[in-house]
Amino acid sequence: MKQYIDSGKKDTRSGFGAGLLKAGQANPNVVALTADLKGSLKMDAFAAEFPERFFQCGIAEANMVGVAAGLAIAGKVPFIGSFAEFVTGRVYDQIRQEVAYGNTNVKIASSHAGITLGEDGATHQTMEDIALMRALPGMVVLNPCDYNQTVQATVAAAKYNGPVYLRFGRPGVPNFTDPEEPFVIGKAIVLNEGKDVTLFATGHTVWEALKAAEALEADGIGAEVIDIATIKPLDEEAVIASAAKTGAVVVAEEHNMAGGLGEAVAGVLALHRPTPVEYVNGQDRFGQSGTPSALMAAYGLDALHIAEAAKKALARK
Amino acid sequence: MAKSNKELQTIATQVRRDILRMVCMASSGHPGGSMSSADVLTALYFNQMKQDPATWTRGGKGQDMFILSAGHMTPVYYSVLARAGYFPVSELASFRQMGTRLQGHPSVRKGLPGVFQASGSLGQGLSAAAGLALAKKLDKEDNIVWCLCGDGESEEGQIWEAGMFAVFHKLDNLIAMTDWNGKQIDGPVEEVSGEGDLAAKWEAWGWRVIVADAHDFESIEKAFALAKAGKGSGVPTMILWKSEMGHGVDFMAGTHKWHGSVPKPEQLEDALKQLGETPLGDF
């Protein structure tokens with residue numbers, strides 16, 4: 001199979017910080033806001049280079065969403081940054097009215113998403129944010145898989161005119177995508193071609209899916225690995241084409257079942273190409289304290305579980 | 001050309017007629033707070049805001065901007081916008097009907113001129129207004145951003161988040177207003193929330209606070225002049241309008257019962273008679 005080299009572990013939130021700086025350099029209308037999490041969101045470089053375009057909002061996320069909407073109405077391109085739970089669940093109604101229904105050009109930068117937030121535990125580990133953001137009409141939902149892709153996704157979000165939810169994470173993870181590859185919103189990325197089973201993955205599970213594909217190859221199974229970096233709008237054509245080719249599907253995500261990528265993929269396939277689907281996700285649970293890698297294993301989100309799910313899907317062909 | 005107080009009174013009377021006729025035609029809507037804000041919004045749009053309906057865009061470049069945070073007050077908002085020339089007065093008849101640009105609560109989805117942002121879920125408009133004011137500072141524009149909140153709405157915590165933000169970021173180009181009529185859906189504000197003295201609270205929050213009679217044009221104009229003088233102070237201004245829910249019609253005045261209920265046909269007839277006709281004419 002195609003080989004991907006980890007150029008050294010890096011956190012995707014640092015990819016966001018680097019992308020934000022690039023976007024700010026390219027467009028003077030890009031502004032950034034945070035609710036007392038500048039450092040955690042790696043917004044320091046932007047704040048240092050553009051102090052007049054960086055706004056500290058204090059621990060008041062609801063107001064931050066509204067302020068960003070106002071800035072966007074007046075022509076700015078605001079990025080609002082906080083932990084995933086606090087820029088989705090905490091402010092769902094504000095995002096719904098001010099950003100989605102109000103159709104304002106606000107970029108929601110959502111860090112520490114999923115269970116890999118780690119030791120802080122379940123209060124801070126949202127496994128429901130994709131569902132909330134997917135439910136909003138017109139909201140674009142991006143979930144890049146590594147540092148390089150997050151840089152590019154941030155740049156693409158800044159160029160796109162409309163509400164964007166940009167999800168990324170806390171821990172260092174393998175950095176393996178091409179740093180020069182531009183991010184195309186709405187396009188699934190085929191990382192490896194295979195004929196027996198398709199592994200759809202998003203965010204931190206993409207690397208795990210690649211590792212699973214290697215293990216499957218050793219067992220003589222050809223796994224197609226597709227990076228769903230844009231969860232909404234979903235690249236339905238790519239989903240249908242790959243399912244038609246392999247006839248068995250696994251969907252892996254660092255998110256719960258309800259409203260996640262798994263349901264999105266299954267919904268498309270039920271309509272256009274009924275195919276056996278196995279899910280690798282947090283099911284219907286809250287997280288807990290632990291190291292990111294221990295949690296990924298304990299909640300069944302790692303390469304081992306993806307490979308097992310692939311064999312189950314194959315058996316159902 | 002500034003309007004005289006007498007001219008403003010005539011427009012406000014017509015606006016009250018519009019409000020009642022709109023909610024009666026739609027068999028729904030919120031007349032109470034609309035009636036209490038009618039004089040203030042009339043004076044704002046006809047004498048205070050630097051704006052031009054003919055060149056209006058949602059981005060508001062080079063113009064004063066207004067956000068109706070208390071989004072349910074659409075009857076007064078739409079009537080004033082139409083009377084100020086943002087869209088045909090005849091369109092008021094479409095209020096709350098299928099396909100209308102005059103949605104129950106303000107919407108930007110159907111392109112109604114004059115509306116900068118959606119509102120209705122309470123407590124959010126002051127934040128959006130603060131964002132607009134911040135953008136005007138960044139763009140070195142000297143226009144003012146205006147915002148109208150309700151006193152019931154001010155029970156929402158986000159209002160106070162926005163209040164803290166506007167002071168911290170020195171938004172002296174933001175003039176917020178509260179329709180302090182003391183009533184909300186379930187009853188008098190003091191029986192629903194114990195909100196207390198808004199003047200003391202906003203002062204404690206660090207705002208310039210002006211308290212004024214919302215139904216006397218001399219008082220209204222004075223308050224606006226005082227508010228505008230805050231430009232350059234580095235501090236945002238809050239005008240607390242002492243108003244009466246349902247003002248202008250005897251059986252509606254001073255009670256929460258007309259927050260979101262609509263007069264019966266014979267009550268409408270009585271109300272319109274009390275208000276009297278104006279040379280502007282009904283829509």
# chains A, B, ... in the order shown; residues from 1 in each chain; ligands from 1
>>> residues_around(residues="B:Ala38", least_positions_apart="5", cutoff="8 Å", atoms="only C-alpha atoms", output="mmCIF file with N, CA, C and O atoms, in the first residue's frame")
data_model
loop_
_atom_site.group_PDB
_atom_site.id
_atom_site.type_symbol
_atom_site.label_atom_id
_atom_site.label_comp_id
_atom_site.auth_asym_id
_atom_site.auth_seq_id
_atom_site.Cartn_x
_atom_site.Cartn_y
_atom_site.Cartn_z
ATOM 1 N N ALA B 12 -45.115 59.045 15.039
ATOM 2 C CA ALA B 12 -45.235 58.021 16.083
ATOM 3 C C ALA B 12 -46.679 57.540 16.225
ATOM 4 O O ALA B 12 -46.932 56.359 16.474
ATOM 5 N N VAL B 15 -47.198 55.238 13.447
ATOM 6 C CA VAL B 15 -46.490 53.990 13.742
ATOM 7 C C VAL B 15 -47.336 53.129 14.688
ATOM 8 O O VAL B 15 -47.472 51.913 14.488
ATOM 9 N N ARG B 16 -47.948 53.751 15.691
ATOM 10 C CA ARG B 16 -48.804 52.971 16.616
ATOM 11 C C ARG B 16 -50.013 52.397 15.881
ATOM 12 O O ARG B 16 -50.429 51.270 16.141
ATOM 13 N N VAL B 76 -43.103 47.546 15.592
ATOM 14 C CA VAL B 76 -42.623 48.936 15.593
ATOM 15 C C VAL B 76 -41.416 49.083 14.674
ATOM 16 O O VAL B 76 -41.288 50.064 13.942
#
>>> interface_residues(of="chain A", to="chain B", cutoff="7 Å", atoms="only C-alpha atoms", output="number ranges by chain")
A: 57, 60, 62-63, 66-71, 73-75, 97-98, 102
>>> write_last_selection(atoms="N, CA and C atoms", output="mmCIF file, in the first residue's frame")
data_model
loop_
_atom_site.group_PDB
_atom_site.id
_atom_site.type_symbol
_atom_site.label_atom_id
_atom_site.label_comp_id
_atom_site.auth_asym_id
_atom_site.auth_seq_id
_atom_site.Cartn_x
_atom_site.Cartn_y
_atom_site.Cartn_z
ATOM 1 N N CYS A 57 -11.893 38.184 24.763
ATOM 2 C CA CYS A 57 -13.296 38.323 25.169
ATOM 3 C C CYS A 57 -13.533 37.898 26.612
ATOM 4 N N ALA A 60 -16.435 34.339 28.273
ATOM 5 C CA ALA A 60 -17.798 34.748 27.942
ATOM 6 C C ALA A 60 -18.038 34.382 26.479
ATOM 7 N N ALA A 62 -20.625 33.184 24.829
ATOM 8 C CA ALA A 62 -21.864 33.594 24.153
ATOM 9 C C ALA A 62 -21.677 34.971 23.520
ATOM 10 N N ASN A 63 -21.131 35.888 24.306
ATOM 11 C CA ASN A 63 -20.871 37.226 23.769
ATOM 12 C C ASN A 63 -19.873 37.178 22.617
ATOM 13 N N GLY A 66 -21.558 36.522 19.322
ATOM 14 C CA GLY A 66 -22.296 37.674 18.809
ATOM 15 C C GLY A 66 -21.372 38.767 18.300
ATOM 16 N N VAL A 67 -20.300 39.027 19.019
ATOM 17 C CA VAL A 67 -19.333 40.041 18.590
ATOM 18 C C VAL A 67 -18.752 39.646 17.232
ATOM 19 N N ALA A 68 -18.431 38.360 17.090
ATOM 20 C CA ALA A 68 -17.887 37.884 15.815
ATOM 21 C C ALA A 68 -18.891 38.088 14.688
ATOM 22 N N ALA A 69 -20.157 37.830 14.971
ATOM 23 C CA ALA A 69 -21.192 38.025 13.948
ATOM 24 C C ALA A 69 -21.235 39.490 13.528
ATOM 25 N N GLY A 70 -21.157 40.392 14.498
ATOM 26 C CA GLY A 70 -21.158 41.823 14.174
ATOM 27 C C GLY A 70 -19.959 42.192 13.319
ATOM 28 N N LEU A 71 -18.798 41.700 13.691
ATOM 29 C CA LEU A 71 -17.586 41.963 12.915
ATOM 30 C C LEU A 71 -17.740 41.451 11.483
ATOM 31 N N ILE A 73 -20.571 40.959 9.786
ATOM 32 C CA ILE A 73 -21.545 41.774 9.043
ATOM 33 C C ILE A 73 -20.839 43.001 8.457
ATOM 34 N N ALA A 74 -19.912 43.556 9.236
ATOM 35 C CA ALA A 74 -19.199 44.760 8.799
ATOM 36 C C ALA A 74 -18.005 44.436 7.889
ATOM 37 N N GLY A 75 -17.863 43.177 7.467
ATOM 38 C CA GLY A 75 -16.859 42.842 6.456
ATOM 39 C C GLY A 75 -15.597 42.168 6.952
ATOM 40 N N GLN A 97 -28.470 31.353 15.780
ATOM 41 C CA GLN A 97 -29.084 32.627 15.371
ATOM 42 C C GLN A 97 -28.087 33.583 14.724
ATOM 43 N N GLU A 98 -26.950 33.788 15.372
ATOM 44 C CA GLU A 98 -26.018 34.843 14.930
ATOM 45 C C GLU A 98 -25.173 34.422 13.735
ATOM 46 N N GLY A 102 -28.259 33.798 10.766
ATOM 47 C CA GLY A 102 -27.821 35.144 10.383
ATOM 48 C C GLY A 102 -26.880 35.146 9.186
#
>>> residues_around(residues="B:Pro263", least_positions_apart="2", cutoff="12 Å", atoms="only C-alpha atoms", output="PDB file with N, CA, C and O atoms, in the first residue's frame")
ATOM      1  N   ILE B  19     -48.695  49.443  13.993  1.00  0.00           N
ATOM      2  CA  ILE B  19     -48.428  48.308  14.886  1.00  0.00           C
ATOM      3  C   ILE B  19     -49.704  47.512  15.131  1.00  0.00           C
ATOM      4  O   ILE B  19     -49.733  46.285  14.961  1.00  0.00           O
ATOM      5  N   LEU B  20     -50.749  48.219  15.522  1.00  0.00           N
ATOM      6  CA  LEU B  20     -51.998  47.526  15.883  1.00  0.00           C
ATOM      7  C   LEU B  20     -52.649  46.885  14.665  1.00  0.00           C
ATOM      8  O   LEU B  20     -53.139  45.753  14.730  1.00  0.00           O
ATOM      9  N   ARG B  21     -52.613  47.575  13.540  1.00  0.00           N
ATOM     10  CA  ARG B  21     -53.217  47.002  12.327  1.00  0.00           C
ATOM     11  C   ARG B  21     -52.417  45.788  11.850  1.00  0.00           C
ATOM     12  O   ARG B  21     -52.974  44.790  11.393  1.00  0.00           O
ATOM     13  N   MET B  22     -51.079  45.849  11.966  1.00  0.00           N
ATOM     14  CA  MET B  22     -50.233  44.711  11.556  1.00  0.00           C
ATOM     15  C   MET B  22     -50.524  43.468  12.395  1.00  0.00           C
ATOM     16  O   MET B  22     -50.722  42.377  11.846  1.00  0.00           O
ATOM     17  N   VAL B  23     -50.542  43.627  13.710  1.00  0.00           N
ATOM     18  CA  VAL B  23     -50.736  42.436  14.551  1.00  0.00           C
ATOM     19  C   VAL B  23     -52.150  41.899  14.398  1.00  0.00           C
ATOM     20  O   VAL B  23     -52.377  40.685  14.478  1.00  0.00           O
ATOM     21  N   CYS B  24     -53.099  42.794  14.163  1.00  0.00           N
ATOM     22  CA  CYS B  24     -54.482  42.320  13.971  1.00  0.00           C
ATOM     23  C   CYS B  24     -54.626  41.586  12.641  1.00  0.00           C
ATOM     24  O   CYS B  24     -55.275  40.544  12.568  1.00  0.00           O
ATOM     25  N   MET B  25     -53.989  42.099  11.595  1.00  0.00           N
ATOM     26  CA  MET B  25     -54.062  41.423  10.296  1.00  0.00           C
ATOM     27  C   MET B  25     -53.370  40.059  10.358  1.00  0.00           C
ATOM     28  O   MET B  25     -53.789  39.105   9.703  1.00  0.00           O
ATOM     29  N   ALA B  26     -52.286  39.980  11.140  1.00  0.00           N
ATOM     30  CA  ALA B  26     -51.526  38.722  11.247  1.00  0.00           C
ATOM     31  C   ALA B  26     -52.110  37.810  12.319  1.00  0.00           C
ATOM     32  O   ALA B  26     -51.701  36.645  12.436  1.00  0.00           O
ATOM     33  N   SER B  27     -53.038  38.344  13.111  1.00  0.00           N
ATOM     34  CA  SER B  27     -53.587  37.615  14.265  1.00  0.00           C
ATOM     35  C   SER B  27     -52.487  37.113  15.196  1.00  0.00           C
ATOM     36  O   SER B  27     -52.641  36.097  15.865  1.00  0.00           O
ATOM     37  N   SER B  28     -51.377  37.803  15.219  1.00  0.00           N
ATOM     38  CA  SER B  28     -50.275  37.433  16.114  1.00  0.00           C
ATOM     39  C   SER B  28     -49.247  38.556  16.108  1.00  0.00           C
ATOM     40  O   SER B  28     -49.309  39.460  15.275  1.00  0.00           O
ATOM     41  N   GLY B  29     -48.305  38.472  17.053  1.00  0.00           N
ATOM     42  CA  GLY B  29     -47.265  39.498  17.137  1.00  0.00           C
ATOM     43  C   GLY B  29     -47.247  40.142  18.508  1.00  0.00           C
ATOM     44  O   GLY B  29     -48.000  39.747  19.395  1.00  0.00           O
ATOM     45  N   HIS B  30     -46.368  41.101  18.672  1.00  0.00           N
ATOM     46  CA  HIS B  30     -46.100  41.671  19.996  1.00  0.00           C
ATOM     47  C   HIS B  30     -46.341  43.176  20.002  1.00  0.00           C
ATOM     48  O   HIS B  30     -45.411  43.954  19.772  1.00  0.00           O
ATOM     49  N   PRO B  31     -47.560  43.593  20.322  1.00  0.00           N
ATOM     50  CA  PRO B  31     -47.847  45.029  20.303  1.00  0.00           C
ATOM     51  C   PRO B  31     -47.332  45.793  21.527  1.00  0.00           C
ATOM     52  O   PRO B  31     -46.969  46.966  21.404  1.00  0.00           O
ATOM     53  N   GLY B  32     -47.266  45.151  22.699  1.00  0.00           N
ATOM     54  CA  GLY B  32     -46.984  45.883  23.942  1.00  0.00           C
ATOM     55  C   GLY B  32     -45.680  46.648  23.933  1.00  0.00           C
ATOM     56  O   GLY B  32     -45.649  47.873  24.104  1.00  0.00           O
ATOM     57  N   GLY B 246     -47.634  49.258  25.953  1.00  0.00           N
ATOM     58  CA  GLY B 246     -48.955  49.557  25.380  1.00  0.00           C
ATOM     59  C   GLY B 246     -49.299  51.030  25.343  1.00  0.00           C
ATOM     60  O   GLY B 246     -50.464  51.388  25.168  1.00  0.00           O
ATOM     61  N   VAL B 249     -52.827  53.772  24.110  1.00  0.00           N
ATOM     62  CA  VAL B 249     -54.195  53.245  24.063  1.00  0.00           C
ATOM     63  C   VAL B 249     -54.583  52.874  25.498  1.00  0.00           C
ATOM     64  O   VAL B 249     -53.870  52.091  26.134  1.00  0.00           O
ATOM     65  N   PHE B 251     -56.708  51.041  27.205  1.00  0.00           N
ATOM     66  CA  PHE B 251     -56.901  49.692  27.755  1.00  0.00           C
ATOM     67  C   PHE B 251     -55.661  48.795  27.596  1.00  0.00           C
ATOM     68  O   PHE B 251     -55.601  47.708  28.140  1.00  0.00           O
ATOM     69  N   MET B 252     -54.683  49.279  26.843  1.00  0.00           N
ATOM     70  CA  MET B 252     -53.450  48.495  26.669  1.00  0.00           C
ATOM     71  C   MET B 252     -52.316  48.993  27.563  1.00  0.00           C
ATOM     72  O   MET B 252     -51.346  48.269  27.813  1.00  0.00           O
ATOM     73  N   LYS B 257     -50.291  42.330  29.846  1.00  0.00           N
ATOM     74  CA  LYS B 257     -51.191  41.429  29.100  1.00  0.00           C
ATOM     75  C   LYS B 257     -51.118  41.626  27.597  1.00  0.00           C
ATOM     76  O   LYS B 257     -51.537  40.759  26.842  1.00  0.00           O
ATOM     77  N   TRP B 258     -50.574  42.765  27.169  1.00  0.00           N
ATOM     78  CA  TRP B 258     -50.507  43.020  25.730  1.00  0.00           C
ATOM     79  C   TRP B 258     -49.100  42.802  25.174  1.00  0.00           C
ATOM     80  O   TRP B 258     -48.800  43.214  24.061  1.00  0.00           O
ATOM     81  N   HIS B 259     -48.255  42.142  25.955  1.00  0.00           N
ATOM     82  CA  HIS B 259     -46.910  41.855  25.442  1.00  0.00           C
ATOM     83  C   HIS B 259     -47.006  41.123  24.097  1.00  0.00           C
ATOM     84  O   HIS B 259     -46.384  41.516  23.111  1.00  0.00           O
ATOM     85  N   GLY B 260     -47.761  40.056  24.109  1.00  0.00           N
ATOM     86  CA  GLY B 260     -47.805  39.238  22.885  1.00  0.00           C
ATOM     87  C   GLY B 260     -49.213  38.821  22.518  1.00  0.00           C
ATOM     88  O   GLY B 260     -49.400  37.755  21.931  1.00  0.00           O
ATOM     89  N   SER B 261     -50.213  39.643  22.875  1.00  0.00           N
ATOM     90  CA  SER B 261     -51.570  39.293  22.437  1.00  0.00           C
ATOM     91  C   SER B 261     -52.177  40.430  21.626  1.00  0.00           C
ATOM     92  O   SER B 261     -51.717  41.569  21.682  1.00  0.00           O
ATOM     93  N   PRO B 265     -61.357  42.716  17.052  1.00  0.00           N
ATOM     94  CA  PRO B 265     -61.745  43.749  16.063  1.00  0.00           C
ATOM     95  C   PRO B 265     -62.352  44.997  16.699  1.00  0.00           C
ATOM     96  O   PRO B 265     -61.998  46.122  16.319  1.00  0.00           O
ATOM     97  N   GLU B 266     -63.235  44.821  17.691  1.00  0.00           N
ATOM     98  CA  GLU B 266     -63.859  46.006  18.289  1.00  0.00           C
ATOM     99  C   GLU B 266     -62.851  46.787  19.146  1.00  0.00           C
ATOM    100  O   GLU B 266     -62.922  48.011  19.252  1.00  0.00           O
ATOM    101  N   GLN B 267     -61.900  46.049  19.717  1.00  0.00           N
ATOM    102  CA  GLN B 267     -60.840  46.734  20.486  1.00  0.00           C
ATOM    103  C   GLN B 267     -59.930  47.524  19.545  1.00  0.00           C
ATOM    104  O   GLN B 267     -59.493  48.624  19.866  1.00  0.00           O
ATOM    105  N   LEU B 268     -59.651  46.948  18.378  1.00  0.00           N
ATOM    106  CA  LEU B 268     -58.820  47.642  17.394  1.00  0.00           C
ATOM    107  C   LEU B 268     -59.493  48.943  16.977  1.00  0.00           C
ATOM    108  O   LEU B 268     -58.848  49.994  16.906  1.00  0.00           O
ATOM    109  N   GLU B 269     -60.786  48.848  16.737  1.00  0.00           N
ATOM    110  CA  GLU B 269     -61.535  50.034  16.312  1.00  0.00           C
ATOM    111  C   GLU B 269     -61.440  51.121  17.388  1.00  0.00           C
ATOM    112  O   GLU B 269     -61.176  52.294  17.088  1.00  0.00           O
ATOM    113  N   ASP B 270     -61.644  50.720  18.627  1.00  0.00           N
ATOM    114  CA  ASP B 270     -61.549  51.639  19.764  1.00  0.00           C
ATOM    115  C   ASP B 270     -60.142  52.250  19.835  1.00  0.00           C
ATOM    116  O   ASP B 270     -59.987  53.469  19.992  1.00  0.00           O
ATOM    117  N   ALA B 271     -59.122  51.398  19.692  1.00  0.00           N
ATOM    118  CA  ALA B 271     -57.723  51.854  19.805  1.00  0.00           C
ATOM    119  C   ALA B 271     -57.391  52.863  18.707  1.00  0.00           C
ATOM    120  O   ALA B 271     -56.768  53.901  18.968  1.00  0.00           O
ATOM    121  N   LEU B 272     -57.805  52.554  17.476  1.00  0.00           N
ATOM    122  CA  LEU B 272     -57.496  53.456  16.360  1.00  0.00           C
ATOM    123  C   LEU B 272     -58.209  54.792  16.543  1.00  0.00           C
ATOM    124  O   LEU B 272     -57.672  55.853  16.194  1.00  0.00           O
TER     125      LEU B 272
END
>>> select_by_dssp(residues="stretch 69-229 of chain B", states="strand (DSSP E or B)", output="ChimeraX atom specification")
/B:145-150,174-180,183-184,187-188,208-213
>>> write_last_selection(atoms="N, CA, C and O atoms", output="short mmCIF file (atom, residue, chain, number, x, y, z; two decimals), in the first residue's frame")
data_model
loop_
_atom_site.label_atom_id
_atom_site.label_comp_id
_atom_site.auth_asym_id
_atom_site.auth_seq_id
_atom_site.Cartn_x
_atom_site.Cartn_y
_atom_site.Cartn_z
N VAL B 145 -23.20 52.90 16.42
CA VAL B 145 -24.01 51.68 16.39
C VAL B 145 -25.01 51.78 17.54
O VAL B 145 -24.63 52.01 18.69
N TRP B 146 -26.27 51.61 17.20
CA TRP B 146 -27.37 51.70 18.16
C TRP B 146 -27.94 50.32 18.41
O TRP B 146 -27.94 49.47 17.51
N CYS B 147 -28.47 50.11 19.59
CA CYS B 147 -29.04 48.80 19.90
C CYS B 147 -30.18 48.99 20.89
O CYS B 147 -30.07 49.79 21.83
N LEU B 148 -31.29 48.29 20.66
CA LEU B 148 -32.41 48.37 21.61
C LEU B 148 -32.66 47.00 22.24
O LEU B 148 -32.89 46.01 21.55
N CYS B 149 -32.60 46.99 23.57
CA CYS B 149 -32.86 45.78 24.35
C CYS B 149 -34.16 45.96 25.14
O CYS B 149 -34.64 47.08 25.31
N GLY B 150 -34.65 44.86 25.67
CA GLY B 150 -35.79 44.95 26.58
C GLY B 150 -35.31 44.81 28.01
O GLY B 150 -34.22 44.29 28.26
N LEU B 174 -20.81 53.00 20.68
CA LEU B 174 -21.97 52.12 20.88
C LEU B 174 -22.95 52.81 21.82
O LEU B 174 -22.58 53.16 22.95
N ILE B 175 -24.17 53.02 21.35
CA ILE B 175 -25.22 53.55 22.22
C ILE B 175 -26.31 52.50 22.34
O ILE B 175 -27.02 52.21 21.37
N ALA B 176 -26.35 51.87 23.51
CA ALA B 176 -27.39 50.87 23.75
C ALA B 176 -28.56 51.54 24.45
O ALA B 176 -28.40 52.57 25.12
N MET B 177 -29.72 50.95 24.27
CA MET B 177 -30.93 51.48 24.88
C MET B 177 -31.73 50.32 25.45
O MET B 177 -31.72 49.23 24.89
N THR B 178 -32.40 50.58 26.55
CA THR B 178 -33.29 49.56 27.12
C THR B 178 -34.69 50.14 27.26
O THR B 178 -34.87 51.23 27.81
N ASP B 179 -35.64 49.41 26.72
CA ASP B 179 -37.04 49.81 26.85
C ASP B 179 -37.50 49.36 28.24
O ASP B 179 -37.92 48.22 28.43
N TRP B 180 -37.38 50.26 29.19
CA TRP B 180 -37.59 49.93 30.61
C TRP B 180 -39.06 50.10 30.97
O TRP B 180 -39.43 51.01 31.70
N LYS B 183 -42.36 45.46 32.27
CA LYS B 183 -43.30 44.35 32.05
C LYS B 183 -42.68 43.29 31.16
O LYS B 183 -41.90 43.59 30.26
N GLN B 184 -43.04 42.04 31.40
CA GLN B 184 -42.64 40.96 30.50
C GLN B 184 -43.80 39.97 30.41
O GLN B 184 -44.83 40.18 31.06
N GLY B 187 -45.63 38.82 33.57
CA GLY B 187 -46.07 39.80 34.56
C GLY B 187 -45.07 40.93 34.72
O GLY B 187 -44.15 41.09 33.91
N PRO B 188 -45.25 41.73 35.79
CA PRO B 188 -44.28 42.80 36.06
C PRO B 188 -42.89 42.20 36.27
O PRO B 188 -42.75 41.15 36.89
N ARG B 208 -21.74 54.77 30.80
CA ARG B 208 -22.43 56.06 30.97
C ARG B 208 -23.91 55.73 30.93
O ARG B 208 -24.37 55.07 29.99
N VAL B 209 -24.66 56.18 31.90
CA VAL B 209 -26.08 55.83 31.98
C VAL B 209 -26.94 57.08 31.93
O VAL B 209 -26.69 58.05 32.65
N ILE B 210 -27.93 57.05 31.08
CA ILE B 210 -28.88 58.16 30.96
C ILE B 210 -30.27 57.57 31.16
O ILE B 210 -30.61 56.56 30.54
N VAL B 211 -31.04 58.16 32.03
CA VAL B 211 -32.42 57.71 32.23
C VAL B 211 -33.35 58.80 31.71
O VAL B 211 -33.16 59.98 32.03
N ALA B 212 -34.29 58.44 30.87
CA ALA B 212 -35.15 59.47 30.26
C ALA B 212 -36.56 58.95 30.01
O ALA B 212 -36.78 57.75 29.89
N ASP B 213 -37.48 59.90 29.95
CA ASP B 213 -38.89 59.62 29.63
C ASP B 213 -38.99 59.24 28.15
O ASP B 213 -38.57 60.00 27.28
#
>>> residues_around(residues="A:Ile189", least_positions_apart="6", cutoff="8 Å", atoms="only C-alpha atoms", output="PyMOL selection string")
chain A and resi 226-229
>>> residues_around(residues="B:Lys231", least_positions_apart="6", cutoff="9 Å", atoms="only C-alpha atoms", output="number ranges by chain")
B: 142, 144, 171-174, 237
>>> write_last_selection(atoms="N, CA, C and O atoms", output="compact mmCIF listing (two decimals), in the first residue's frame")
# COMPACT_ATOMS: atom_id res chain seq x y z
N ASP B 142 -16.55 57.02 11.93
CA ASP B 142 -17.04 57.67 13.15
C ASP B 142 -18.56 57.52 13.33
O ASP B 142 -19.17 58.26 14.09
N ILE B 144 -22.16 55.74 14.53
CA ILE B 144 -22.60 55.16 15.80
C ILE B 144 -23.36 53.86 15.54
O ILE B 144 -24.09 53.74 14.55
N LEU B 171 -15.84 50.91 23.73
CA LEU B 171 -16.72 51.13 22.58
C LEU B 171 -17.61 52.36 22.81
O LEU B 171 -18.82 52.24 23.03
N ASP B 172 -17.02 53.53 22.72
CA ASP B 172 -17.80 54.76 22.92
C ASP B 172 -18.60 55.14 21.68
O ASP B 172 -19.29 56.15 21.67
N ASN B 173 -18.51 54.32 20.64
CA ASN B 173 -19.36 54.51 19.46
C ASN B 173 -20.58 53.58 19.51
O ASN B 173 -21.28 53.41 18.52
N LEU B 174 -20.81 53.00 20.68
CA LEU B 174 -21.97 52.12 20.88
C LEU B 174 -22.95 52.81 21.82
O LEU B 174 -22.58 53.16 22.95
N THR B 237 -22.44 54.03 26.07
CA THR B 237 -23.57 54.70 26.74
C THR B 237 -24.81 53.82 26.70
O THR B 237 -25.12 53.19 25.69
>>> residues_around(residues="A:Val77", least_positions_apart="3", cutoff="9 Å", atoms="only C-alpha atoms", output="compact mmCIF listing (two decimals) with N, CA, C and O atoms, in the first residue's frame")
# COMPACT_ATOMS: atom_id res chain seq x y z
N ASN A 27 -4.91 38.30 4.27
CA ASN A 27 -6.13 39.11 4.21
C ASN A 27 -6.23 40.00 5.46
O ASN A 27 -6.40 39.49 6.57
N PRO A 28 -6.14 41.33 5.26
CA PRO A 28 -6.18 42.24 6.42
C PRO A 28 -7.52 42.24 7.14
O PRO A 28 -7.61 42.78 8.25
N ASN A 29 -8.55 41.65 6.54
CA ASN A 29 -9.85 41.60 7.21
C ASN A 29 -9.97 40.45 8.20
O ASN A 29 -10.93 40.37 8.95
N VAL A 30 -9.00 39.53 8.16
CA VAL A 30 -9.06 38.41 9.11
C VAL A 30 -8.77 38.94 10.52
O VAL A 30 -7.76 39.62 10.75
N VAL A 31 -9.67 38.63 11.44
CA VAL A 31 -9.49 39.00 12.85
C VAL A 31 -9.69 37.75 13.70
O VAL A 31 -10.24 36.75 13.21
N ALA A 32 -9.23 37.79 14.94
CA ALA A 32 -9.35 36.60 15.78
C ALA A 32 -9.81 36.99 17.18
O ALA A 32 -9.45 38.05 17.69
N ALA A 68 -18.43 38.36 17.09
CA ALA A 68 -17.89 37.88 15.81
C ALA A 68 -18.89 38.09 14.69
O ALA A 68 -18.53 38.50 13.58
N LEU A 71 -18.80 41.70 13.69
CA LEU A 71 -17.59 41.96 12.91
C LEU A 71 -17.74 41.45 11.48
O LEU A 71 -17.33 42.11 10.52
N ALA A 72 -18.34 40.27 11.34
CA ALA A 72 -18.52 39.67 10.02
C ALA A 72 -19.49 40.49 9.17
O ALA A 72 -19.26 40.69 7.97
N ASN A 105 -20.18 35.45 8.18
CA ASN A 105 -18.93 34.82 7.73
C ASN A 105 -18.00 34.55 8.92
O ASN A 105 -16.87 35.03 8.97
N VAL A 106 -18.51 33.78 9.89
CA VAL A 106 -17.76 33.51 11.12
C VAL A 106 -17.11 32.12 11.03
O VAL A 106 -17.74 31.17 10.56
N LYS A 107 -15.86 32.03 11.48
CA LYS A 107 -15.14 30.75 11.50
C LYS A 107 -15.01 30.30 12.94
O LYS A 107 -14.38 31.01 13.76
N ALA A 158 -10.69 30.56 5.78
CA ALA A 158 -10.63 32.02 5.70
C ALA A 158 -11.06 32.51 4.32
O ALA A 158 -11.68 33.57 4.20
N LYS A 159 -10.75 31.74 3.30
CA LYS A 159 -11.09 32.15 1.93
C LYS A 159 -12.55 31.90 1.60
O LYS A 159 -13.14 32.56 0.75
N ASN A 161 -16.51 31.97 1.84
CA ASN A 161 -17.44 32.97 2.32
C ASN A 161 -18.67 32.31 2.94
O ASN A 161 -19.55 31.85 2.22
